[in-house]
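**Student:** Supplied structure: my_file_31.txt, compact mmCIF, C-alpha atoms.
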# COMPACT_ATOMS: atom_id res chain seq x y z
CA MET A 5 41.87 -23.04 26.22
CA THR A 6 45.55 -22.49 25.41
CA LEU A 7 47.11 -19.05 25.20
CA ASN A 8 47.60 -19.41 21.44
CA ASN A 9 43.98 -20.45 20.95
CA THR A 10 42.85 -17.47 23.00
CA ARG A 11 44.94 -15.11 20.94
CA ASN A 12 43.68 -16.65 17.70
CA LEU A 13 40.07 -16.33 18.82
CA LYS A 14 40.50 -12.69 19.79
CA SER A 15 42.36 -11.97 16.54
CA HIS A 16 39.54 -13.61 14.59
CA LEU A 17 36.94 -11.58 16.48
CA ILE A 18 38.71 -8.27 15.87
CA LYS A 19 39.21 -9.04 12.18
CA SER A 20 35.61 -10.13 11.80
CA LEU A 21 34.21 -7.07 13.52
CA SER A 22 36.39 -4.78 11.40
CA LEU A 23 34.50 -5.91 8.32
CA CYS A 24 31.54 -3.76 9.30
CA ALA A 25 33.02 -0.84 7.36
CA VAL A 26 32.43 -2.87 4.20
CA LEU A 27 29.22 -4.60 5.21
CA GLY A 28 27.45 -1.43 6.31
CA ALA A 29 26.29 -0.13 9.64
CA THR A 30 26.01 -3.50 11.32
CA THR A 31 27.94 -6.72 11.42
CA VAL A 32 26.38 -9.60 9.51
CA PRO A 33 26.86 -12.70 11.63
CA ALA A 34 28.42 -15.86 10.23
CA TYR A 35 28.19 -17.68 13.56
CA ALA A 36 24.42 -17.32 13.76
CA CYS A 37 23.58 -19.07 10.49
CA GLN A 38 24.46 -22.18 8.54
CA VAL A 39 27.15 -21.00 6.16
CA PRO A 40 27.42 -23.25 3.10
CA LYS A 41 30.65 -25.02 2.23
CA SER A 42 32.65 -23.28 -0.49
CA TYR A 43 36.22 -22.51 -1.46
CA TYR A 44 35.86 -18.98 -0.05
CA SER A 45 37.55 -18.34 3.29
CA ASN A 46 35.28 -15.60 4.65
CA VAL A 47 31.57 -16.23 4.19
CA PHE A 48 28.85 -14.27 5.99
CA CYS A 49 25.09 -14.31 6.27
CA THR A 50 22.90 -11.67 4.67
CA ALA A 51 19.41 -10.38 5.50
CA SER A 52 18.09 -13.37 3.50
CA SER A 53 18.66 -17.02 4.38
CA ASP A 54 18.96 -17.74 0.63
CA TYR A 55 22.12 -15.70 0.05
CA PHE A 56 25.60 -15.42 1.53
CA LEU A 57 28.46 -12.99 1.11
CA ALA A 58 32.08 -13.91 0.40
CA LEU A 59 34.82 -11.43 1.31
CA LYS A 60 38.58 -11.24 0.98
CA ASP A 61 40.65 -11.07 4.17
CA SER A 62 40.86 -7.31 3.59
CA GLY A 63 37.06 -7.04 3.62
CA GLN A 64 36.77 -6.49 -0.14
CA PRO A 65 33.52 -8.01 -1.48
CA VAL A 66 34.12 -11.00 -3.73
CA ALA A 67 30.88 -12.78 -4.50
CA LEU A 68 27.28 -13.45 -3.57
CA LEU A 69 26.67 -17.14 -2.97
CA ASP A 70 23.60 -19.35 -2.95
CA LYS A 71 22.72 -21.98 -0.34
CA LYS A 72 25.05 -24.49 -1.98
CA GLY A 73 28.02 -22.15 -1.82
CA ARG A 74 27.97 -21.46 -5.56
CA ARG A 75 28.80 -17.98 -6.84
CA ILE A 76 25.76 -16.30 -8.35
CA ALA A 77 27.08 -12.74 -8.54
CA ASP A 78 30.56 -11.23 -8.96
CA LEU A 79 31.09 -8.35 -6.51
CA SER A 80 34.77 -7.66 -7.18
CA ARG A 81 34.13 -4.27 -8.78
CA TYR A 82 32.61 -2.87 -5.58
CA ASN A 83 34.44 -1.77 -2.47
CA GLY A 84 31.39 -1.90 -0.22
CA ILE A 85 28.12 -3.80 0.08
CA ASP A 86 25.49 -3.66 2.82
CA VAL A 87 23.88 -7.10 2.79
CA SER A 88 21.99 -6.27 6.00
CA LYS A 89 19.75 -4.14 3.74
CA LEU A 90 18.97 -6.83 1.16
CA LYS A 91 15.28 -6.25 0.57
CA ASP A 92 12.92 -6.94 -2.34
CA GLY A 93 15.84 -8.48 -4.20
CA LEU A 94 18.03 -5.36 -4.17
CA ILE A 95 21.27 -4.70 -2.26
CA PRO A 96 23.05 -1.36 -1.83
CA VAL A 97 26.64 -1.33 -3.09
CA GLN A 98 29.37 1.25 -3.01
CA ARG A 99 32.13 2.07 -5.48
CA LEU A 100 34.55 4.97 -5.15
CA GLY A 101 32.33 6.70 -2.63
CA ARG A 102 29.14 6.39 -4.70
CA VAL A 103 26.07 4.26 -3.99
CA GLY A 104 23.91 2.12 -6.26
CA TYR A 105 21.85 -1.08 -6.05
CA ILE A 106 22.29 -4.52 -7.57
CA ASN A 107 19.95 -7.48 -7.75
CA THR A 108 20.85 -10.93 -6.46
CA SER A 109 22.24 -11.86 -9.87
CA GLY A 110 24.73 -9.01 -9.67
CA ARG A 111 23.05 -6.81 -12.27
CA GLU A 112 23.31 -3.10 -11.50
CA VAL A 113 19.65 -2.09 -11.34
CA ILE A 114 20.30 1.36 -9.87
CA PRO A 115 23.49 2.97 -11.22
CA VAL A 116 26.26 3.80 -8.76
CA VAL A 117 25.79 7.56 -8.94
CA TYR A 118 24.27 8.51 -5.59
CA ASP A 119 25.93 10.00 -2.51
CA THR A 120 26.57 8.05 0.64
CA ILE A 121 24.18 9.10 3.40
CA ASN A 122 26.23 10.12 6.40
CA GLY A 123 25.09 11.78 9.61
CA ASP A 124 21.37 11.34 8.92
CA ARG A 125 19.62 10.16 12.10
CA GLN A 126 17.21 8.00 10.06
CA THR A 127 19.98 6.07 8.32
CA LYS A 128 22.07 3.26 9.78
CA GLY A 129 25.19 3.03 7.69
CA TRP A 130 25.64 4.71 4.32
CA SER A 131 22.48 3.71 2.46
CA ARG A 132 18.78 2.94 2.78
CA ALA A 133 16.97 -0.29 1.97
CA VAL A 134 14.07 -0.54 -0.46
CA SER A 135 10.79 0.44 1.18
CA ASN A 136 7.54 -0.24 -0.68
CA ASN A 137 9.31 -0.12 -4.05
CA ARG A 138 10.87 3.21 -3.12
CA ILE A 139 14.42 4.13 -2.08
CA VAL A 140 15.51 7.26 -0.25
CA VAL A 141 18.76 8.42 -1.84
CA LYS A 142 20.97 11.48 -1.90
CA LYS A 143 22.44 13.22 -4.93
CA GLY A 144 24.46 16.40 -5.10
CA GLY A 145 24.10 16.62 -1.34
CA ASN A 146 20.28 16.68 -1.54
CA PHE A 147 17.71 14.08 -0.52
CA GLY A 148 15.19 12.62 -2.95
CA VAL A 149 13.25 9.42 -3.60
CA ILE A 150 13.53 7.04 -6.55
CA ASP A 151 11.68 3.86 -7.39
CA THR A 152 13.35 0.55 -8.17
CA SER A 153 13.46 1.50 -11.85
CA ASN A 154 15.53 4.59 -10.98
CA ARG A 155 12.62 6.92 -11.74
CA VAL A 156 12.58 10.05 -9.57
CA ILE A 157 9.54 10.12 -7.28
CA VAL A 158 10.47 12.98 -4.96
CA PRO A 159 12.77 15.52 -6.69
CA PHE A 160 16.14 16.29 -5.15
CA SER A 161 15.98 19.58 -3.32
CA ALA A 162 18.21 21.50 -0.93
CA ASN A 163 15.04 22.12 1.10
CA ASN A 164 14.84 18.40 1.94
CA GLN A 165 16.83 17.98 5.12
CA SER A 166 15.80 14.33 5.47
CA ILE A 167 13.20 11.92 4.13
CA SER A 168 11.80 8.94 6.00
CA ASP A 169 11.38 5.49 4.51
CA PHE A 170 7.83 4.79 3.39
CA ASN A 171 5.54 3.42 6.07
CA GLY A 172 2.80 1.90 3.97
CA ASN A 173 2.09 4.48 1.28
CA LEU A 174 3.29 7.49 3.23
CA ALA A 175 6.57 9.17 4.07
CA THR A 176 7.59 12.36 5.80
CA ILE A 177 9.97 15.00 4.51
CA THR A 178 11.76 17.15 7.05
CA THR A 179 12.28 20.57 5.51
CA ARG A 180 13.62 23.87 6.75
CA ASN A 181 10.03 24.95 7.32
CA GLY A 182 8.84 21.87 9.17
CA THR A 183 7.53 18.43 8.28
CA GLN A 184 5.32 17.51 5.34
CA TRP A 185 3.74 14.24 4.22
CA VAL A 186 3.91 12.70 0.74
CA ASP A 187 2.10 9.73 -0.75
CA ILE A 188 3.62 6.84 -2.66
CA ASN A 189 3.73 8.96 -5.81
CA GLY A 190 5.51 11.83 -4.08
CA ARG A 191 2.45 14.06 -3.96
CA PRO A 192 1.93 16.21 -0.83
CA THR A 193 -0.79 14.88 1.43
CA ALA A 194 -2.30 15.65 4.81
CA ASN A 195 -1.05 14.17 8.05
CA PRO A 196 -3.20 10.99 8.33
CA ALA A 197 -3.58 11.32 12.10
CA GLN A 198 -4.90 14.87 11.68
CA THR A 199 -7.25 13.77 8.89
CA VAL A 200 -8.76 11.01 11.00
CA SER A 201 -9.11 13.35 13.98
CA ASN A 202 -11.05 15.86 11.90
CA ARG A 203 -13.25 13.09 10.52
CA ASN A 204 -14.09 11.91 14.03
CA VAL A 205 -15.19 15.42 15.06
CA THR A 206 -17.41 15.74 11.97
CA GLN A 207 -19.01 12.32 12.43
CA THR A 208 -19.69 12.90 16.13
CA ALA A 209 -21.36 16.22 15.41
CA SER A 210 -23.52 14.79 12.63
CA THR A 211 -24.79 11.88 14.75
CA ALA A 212 -25.64 13.88 17.90
CA LYS A 213 -29.42 14.13 18.56
CA PRO A 214 -30.88 17.34 20.00
CA VAL A 215 -32.56 17.04 23.39
CA ILE A 216 -35.73 19.12 23.77
CA ASN A 217 -37.44 19.43 27.16
CA THR A 218 -36.87 15.86 28.19
CA THR A 219 -35.70 14.44 31.45
CA THR A 220 -34.23 11.34 29.80
CA VAL A 221 -31.30 11.86 27.54
CA ILE A 222 -30.58 9.04 25.09
CA GLN A 223 -26.99 9.22 23.99
CA SER A 224 -26.26 8.25 20.43
CA PRO A 225 -23.63 5.54 20.13
CA SER A 226 -20.19 7.05 20.18
CA ILE A 227 -18.24 6.73 16.97
CA THR A 228 -14.64 5.97 17.76
CA GLN A 229 -11.99 5.54 15.14
CA THR A 230 -8.41 4.86 15.99
CA PRO A 231 -6.25 7.33 14.09
CA ALA A 232 -3.90 5.81 11.58
CA PRO A 233 -0.60 5.30 13.34
CA SER A 234 1.88 8.00 12.66
CA PRO A 235 5.05 6.39 11.32
CA SER A 236 7.93 6.42 13.71
CA PHE A 237 11.17 7.33 12.06
CA SER A 238 13.42 7.87 15.05
CA ASN A 239 16.81 6.26 15.00
CA THR A 240 16.58 5.07 18.57
CA GLU A 241 16.60 1.35 17.85
CA VAL A 242 19.23 -0.41 19.95
CA TRP A 243 20.31 -4.01 19.51
CA GLN A 244 19.27 -6.39 22.28
CA PRO A 245 21.51 -9.09 23.82
CA GLU A 246 20.42 -12.64 23.07
CA GLN A 247 21.91 -16.07 23.66
CA ARG A 248 22.03 -18.74 20.96
CA ASP A 249 23.85 -22.05 21.08
CA GLY A 250 25.43 -21.10 24.38
CA LYS A 251 26.96 -17.86 23.08
CA TRP A 252 25.78 -14.29 23.35
CA GLY A 253 25.32 -11.73 20.57
CA TYR A 254 22.86 -9.00 19.64
CA VAL A 255 19.67 -8.90 17.57
CA ASN A 256 17.42 -6.13 16.30
CA TYR A 257 13.74 -5.66 17.16
CA SER A 258 12.79 -8.36 14.60
CA GLY A 259 15.20 -10.89 16.09
CA VAL A 260 17.63 -10.61 13.16
CA PRO A 261 21.22 -11.12 14.35
CA MET A 262 23.20 -7.88 14.12
CA ILE A 263 26.35 -8.68 16.14
CA LYS A 264 27.83 -12.16 16.16
CA PHE A 265 27.10 -14.81 18.78
CA LEU A 266 30.66 -15.13 20.05
CA PHE A 267 30.60 -13.93 23.63
CA GLN A 268 30.44 -15.60 27.02
CA GLN A 269 28.25 -12.79 28.29
CA ALA A 270 26.75 -9.60 26.86
CA MET A 271 25.37 -6.55 28.63
CA PRO A 272 22.68 -4.22 27.24
CA PHE A 273 23.73 -1.22 25.18
CA SER A 274 24.04 2.06 27.04
CA GLU A 275 25.35 5.34 25.68
CA GLY A 276 26.21 3.59 22.41
CA LEU A 277 28.40 0.88 23.94
CA ALA A 278 27.84 -2.62 25.30
CA GLY A 279 30.08 -4.69 27.56
CA VAL A 280 30.92 -8.15 26.23
CA LYS A 281 32.95 -10.93 27.83
CA MET A 282 35.35 -13.34 26.18
CA ASP A 283 37.76 -15.69 27.95
CA ASN A 284 36.70 -14.11 31.27
CA LYS A 285 37.76 -10.63 30.18
CA TRP A 286 35.49 -7.74 29.30
CA GLY A 287 35.61 -5.24 26.44
CA PHE A 288 33.07 -3.03 24.70
CA VAL A 289 31.52 -3.02 21.23
CA ASN A 290 29.53 -0.29 19.52
CA LEU A 291 26.28 -0.63 17.55
CA ALA A 292 28.28 -1.33 14.40
CA GLY A 293 29.75 -4.41 16.08
CA GLU A 294 33.22 -2.88 16.30
CA LEU A 295 35.39 -3.73 19.29
CA VAL A 296 36.13 -0.18 20.45
CA ILE A 297 37.47 -0.95 23.94
CA PRO A 298 39.65 -4.11 24.01
CA PHE A 299 39.26 -7.06 26.36
CA ASN A 300 41.35 -5.49 29.10
CA PHE A 301 39.15 -5.98 32.16
CA GLU A 302 39.34 -9.21 34.12
CA GLU A 303 36.23 -10.63 35.70
CA SER A 304 38.31 -11.68 38.74
CA LYS A 305 39.12 -8.06 39.58
CA LEU A 306 35.48 -7.11 39.94
CA ARG A 307 33.63 -7.43 43.24
CA ARG A 308 30.01 -7.48 42.25
CA GLY A 309 28.67 -8.03 45.74
CA ARG A 310 25.01 -8.34 46.61
CA GLY A 311 23.10 -5.61 44.81
CA ALA A 312 26.26 -3.60 44.13
CA THR A 313 25.92 -1.03 41.34
CA TYR A 314 27.54 2.15 40.11
CA LYS A 315 24.93 4.93 40.27
CA GLY A 316 22.26 2.29 39.72
CA ALA A 317 24.02 0.66 36.77
CA GLN A 318 25.45 -2.85 36.65
CA PRO A 319 29.17 -3.42 35.98
CA PHE A 320 30.22 -2.89 32.35
CA VAL A 321 27.25 -0.63 31.65
CA PHE A 322 27.91 3.04 30.90
CA THR A 323 26.10 5.74 32.80
CA GLY A 324 27.09 9.38 32.77
CA GLY A 325 30.05 8.60 30.53
CA LYS A 326 31.57 6.07 32.94
CA ALA A 327 31.40 2.31 33.47
CA TRP A 328 32.39 0.35 36.57
CA VAL A 329 34.91 -2.32 35.48
CA ALA A 330 36.94 -3.32 38.56
CA ASN A 331 37.57 -2.84 42.26
CA ALA A 332 40.72 -1.59 43.95
CA PRO A 333 42.33 -3.73 46.70
CA ASN A 334 40.50 -1.61 49.29
CA GLY A 335 37.19 -2.37 47.60
CA ALA A 336 36.72 1.02 45.92
CA GLN A 337 35.06 0.96 42.52
CA MET A 338 37.24 1.63 39.47
CA CYS A 339 35.71 3.16 36.32
CA ILE A 340 36.64 3.86 32.71
CA ASP A 341 35.46 6.50 30.26
CA ASN A 342 34.14 5.72 26.78
CA LYS A 343 37.71 5.65 25.45
CA GLY A 344 38.72 2.88 27.84
CA ASN A 345 40.78 5.14 30.10
CA PHE A 346 40.62 4.65 33.86
CA VAL A 347 38.89 7.57 35.58
CA SER A 348 37.55 8.28 39.04
CA CYS A 349 34.14 6.80 39.74
CA SER A 350 33.20 9.75 41.93
For the structure just supplied, provide its representation as structure tokens.

**Tutor:**
Amino acid sequence: MTLNNTRNLKSHLIKSLSLCAVLGATTVPAYACQVPKSYYSNVFCTASSDYFLALKDSGQPVALLDKKGRRIADLSRYNGIDVSKLKDGLIPVQRLGRVGYINTSGREVIPVVYDTINGDRQTKGWSRAVSNNRIVVKKGGNFGVIDTSNRVIVPFSANNQSISDFNGNLATITTRNGTQWVDINGRPTANPAQTVSNRNVTQTASTAKPVINTTTVIQSPSITQTPAPSPSFSNTEVWQPEQRDGKWGYVNYSGVPMIKFLFQQAMPFSEGLAGVKMDNKWGFVNLAGELVIPFNFEESKLRRGRGATYKGAQPFVFTGGKAWVANAPNGAQMCIDNKGNFVSCS
């Protein structure tokens, strides 16, 4: 690979990863899918194999394309779109700091009047996807729930600190006083796990047979019901490294590509960063697919050795705010902090 080709590849990578600010919380990979031929220069995959996104070089959305590369929706009036959340035919869009939803024909189904959702641990990016015909949104700084017809299901309230997506017909609302459950219509309901637990106790008591002066005790069959699973709404999901077509990238728990398959090697995420290798040099990306620490660390300057680690971690994996990235001439390990600055490994 020539020096110019290397520079062009790295420039392309950095430009591509920078588009995540427009696409949403995660990079939508073009490398991992069959992008149709079209006269658009920058075409990316979406969460659906039927649709593709065209962007300007600046990252400004241009159009939604079909499998044949034909424009089916004009996106030029929006400054942001999160195609990773295309679900049930609706896609979150952003204009002048406000959020709405369009369908795959470009029609604005939910008006662009809602707040971006920032700093909420249950949200990746600035919006939520449709969940069981419901969408968690924010308006006037307060959380609420609407349906896909823009009808309010859970009223906006300052008491709502966060609302989970619907898991089946249930969602949880985190309030200042604790957590409460609501059904699909926004009505308060009991915790399903607690309800099932109480039912089990009642059924066991009602089926128990009294034993009177007998030496043989016949146990009634035990009635065991598995409590309905309590929805998990933690934002602890971390992309996993995966290799496709000889290149490494990252996928989510469903195997959907989240960071492009462009790398020679990819380490697991740790402390929000993952080491990736290109042209025999290592850098680090974050969960949004942004290259946050450049490819400054040469593989040749690292002495891996047999079983060598830094505090139990492999090279280019952060632990305790540091990552081992090289060795000094005397063999001592050299580390960086999460800003890419060299620091003592001790």

**Student:** Which neighbours of Ile167 (chain A) fall inside 10 Å, counting all atoms listed in the file, when residues of the same chain fewer than 3 positions from it are skipped, and could you give them as a list in words?

**Tutor:**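 Within the cut-off, the hits are Asp124, Gln126, Thr127, Val140, Val141, Lys142, Phe147, Gly148, Val149, Val158, Asn164, Phe170, Ala175, Thr176, Ile177, Thr178, Thr179, Thr183, Gln184, Trp185, Val186 and Phe237 of chain A.
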
**Student:** So, counting all atoms listed in the file, which residue among A:Ala162, A:Ile157, A:Leu277, A:Val260 is closest to Asn189 (chain A)?

**Tutor:**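 Using all atoms listed in the file, the shortest distance to Asn189 (chain A) belongs to A:Ile157.
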
**Student:** Between CA of Leu69 (chain A) and CA of Gly129 (chain A), what is the distance in Å, rounded to a tenth?

**Tutor:**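 The value is 22.9 Å.
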
**Student:** Counting only C-alpha atoms, which of A:Lys264, A:Arg308, A:Arg81, A:Lys71 gets nearest to Leu100 (chain A)?

**Tutor:**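 Selected residue with least distance to Leu100 (chain A): A:Arg81.
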
**Student:** I'd like to know which of A:Gly250, A:Gly110, A:Pro40, A:Gly287 is closest to Phe299 (chain A), using only C-alpha atoms.

**Tutor:**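 Nearest to Phe299 (chain A): A:Gly287.
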
**Student:** What's the separation between CA of Arg74 (chain A) and CA of Ser88 (chain A), in Å to one decimal place?

**Tutor:**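 Pair CA of Arg74 (chain A) / CA of Ser88 (chain A) returns 20.0 Å.
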
**Student:** One number please: CA of Val117 (chain A) to CA of Val103 (chain A), in Å, one decimal.

**Tutor:**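 CA of Val103 (chain A) lies at a distance of 6.0 Å from CA of Val117 (chain A).
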
**Student:** Edge lengths and centre, in Å to one decimal, as lines of an AutoDock Vina configuration file: that's what I need for the box along x, y and z that holds all listed atoms of region 128-143 of chain A plus 5 Å on each side.

**Tutor:**
center_x = 16.6
center_y = 6.3
center_z = 2.4
size_x = 28.1
size_y = 23.8
size_z = 24.7

**Student:** Would you kindly return, as a PyMOL selection string, each protein, DNA or RNA residue with an atom no farther than 9 Å from any atom of Val280 (chain A), considering all atoms listed in the file and excluding same-chain residues fewer than 3 positions away?

**Tutor:** chain A and resi 252-253+267-271+285-289+299+320

**Student:** Between A:Ser153, A:Asn46, A:Ser53, A:Asn83, single out the one closest to Glu112 (chain A), counting only C-alpha atoms.

**Tutor:**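 Going through A:Ser153, A:Asn46, A:Ser53, A:Asn83 one by one, the smallest distance to Glu112 (chain A) is for A:Ser153.
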
**Student:** Choose the residue, out of A:Gly144, A:Gly335, A:Pro159, A:Gly293, that has the smallest atom-to-atom separation from Gly309 (chain A); count all atoms listed in the file.

**Tutor:**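 Between A:Gly144, A:Gly335, A:Pro159, A:Gly293, the residue approaching Gly309 (chain A) most closely is A:Gly335.
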
**Student:** Please tell me which residues are no farther than 8 Å from (19.5, -9.3, -2.6) in the file, counting only C-alpha atoms, and write them as an mmCIF file with C-alpha atoms, in the coordinates of the input.

**Tutor:**
data_model
loop_
_atom_site.group_PDB
_atom_site.id
_atom_site.type_symbol
_atom_site.label_atom_id
_atom_site.label_comp_id
_atom_site.auth_asym_id
_atom_site.auth_seq_id
_atom_site.Cartn_x
_atom_site.Cartn_y
_atom_site.Cartn_z
ATOM 1 C CA SER A 52 18.090 -13.370 3.500
ATOM 2 C CA TYR A 55 22.120 -15.700 0.050
ATOM 3 C CA VAL A 87 23.880 -7.100 2.790
ATOM 4 C CA LEU A 90 18.970 -6.830 1.160
ATOM 5 C CA LYS A 91 15.280 -6.250 0.570
ATOM 6 C CA ASP A 92 12.920 -6.940 -2.340
ATOM 7 C CA GLY A 93 15.840 -8.480 -4.200
ATOM 8 C CA LEU A 94 18.030 -5.360 -4.170
ATOM 9 C CA ILE A 95 21.270 -4.700 -2.260
ATOM 10 C CA ILE A 106 22.290 -4.520 -7.570
ATOM 11 C CA ASN A 107 19.950 -7.480 -7.750
ATOM 12 C CA THR A 108 20.850 -10.930 -6.460
#

**Student:** Using all atoms listed in the file, pick whichever of A:Ile340, A:Val156, A:Leu79, A:Leu295 has the shortest atom-to-atom distance to Tyr314 (chain A).

**Tutor:**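 Among A:Ile340, A:Val156, A:Leu79, A:Leu295, it is A:Ile340 that comes nearest to Tyr314 (chain A).
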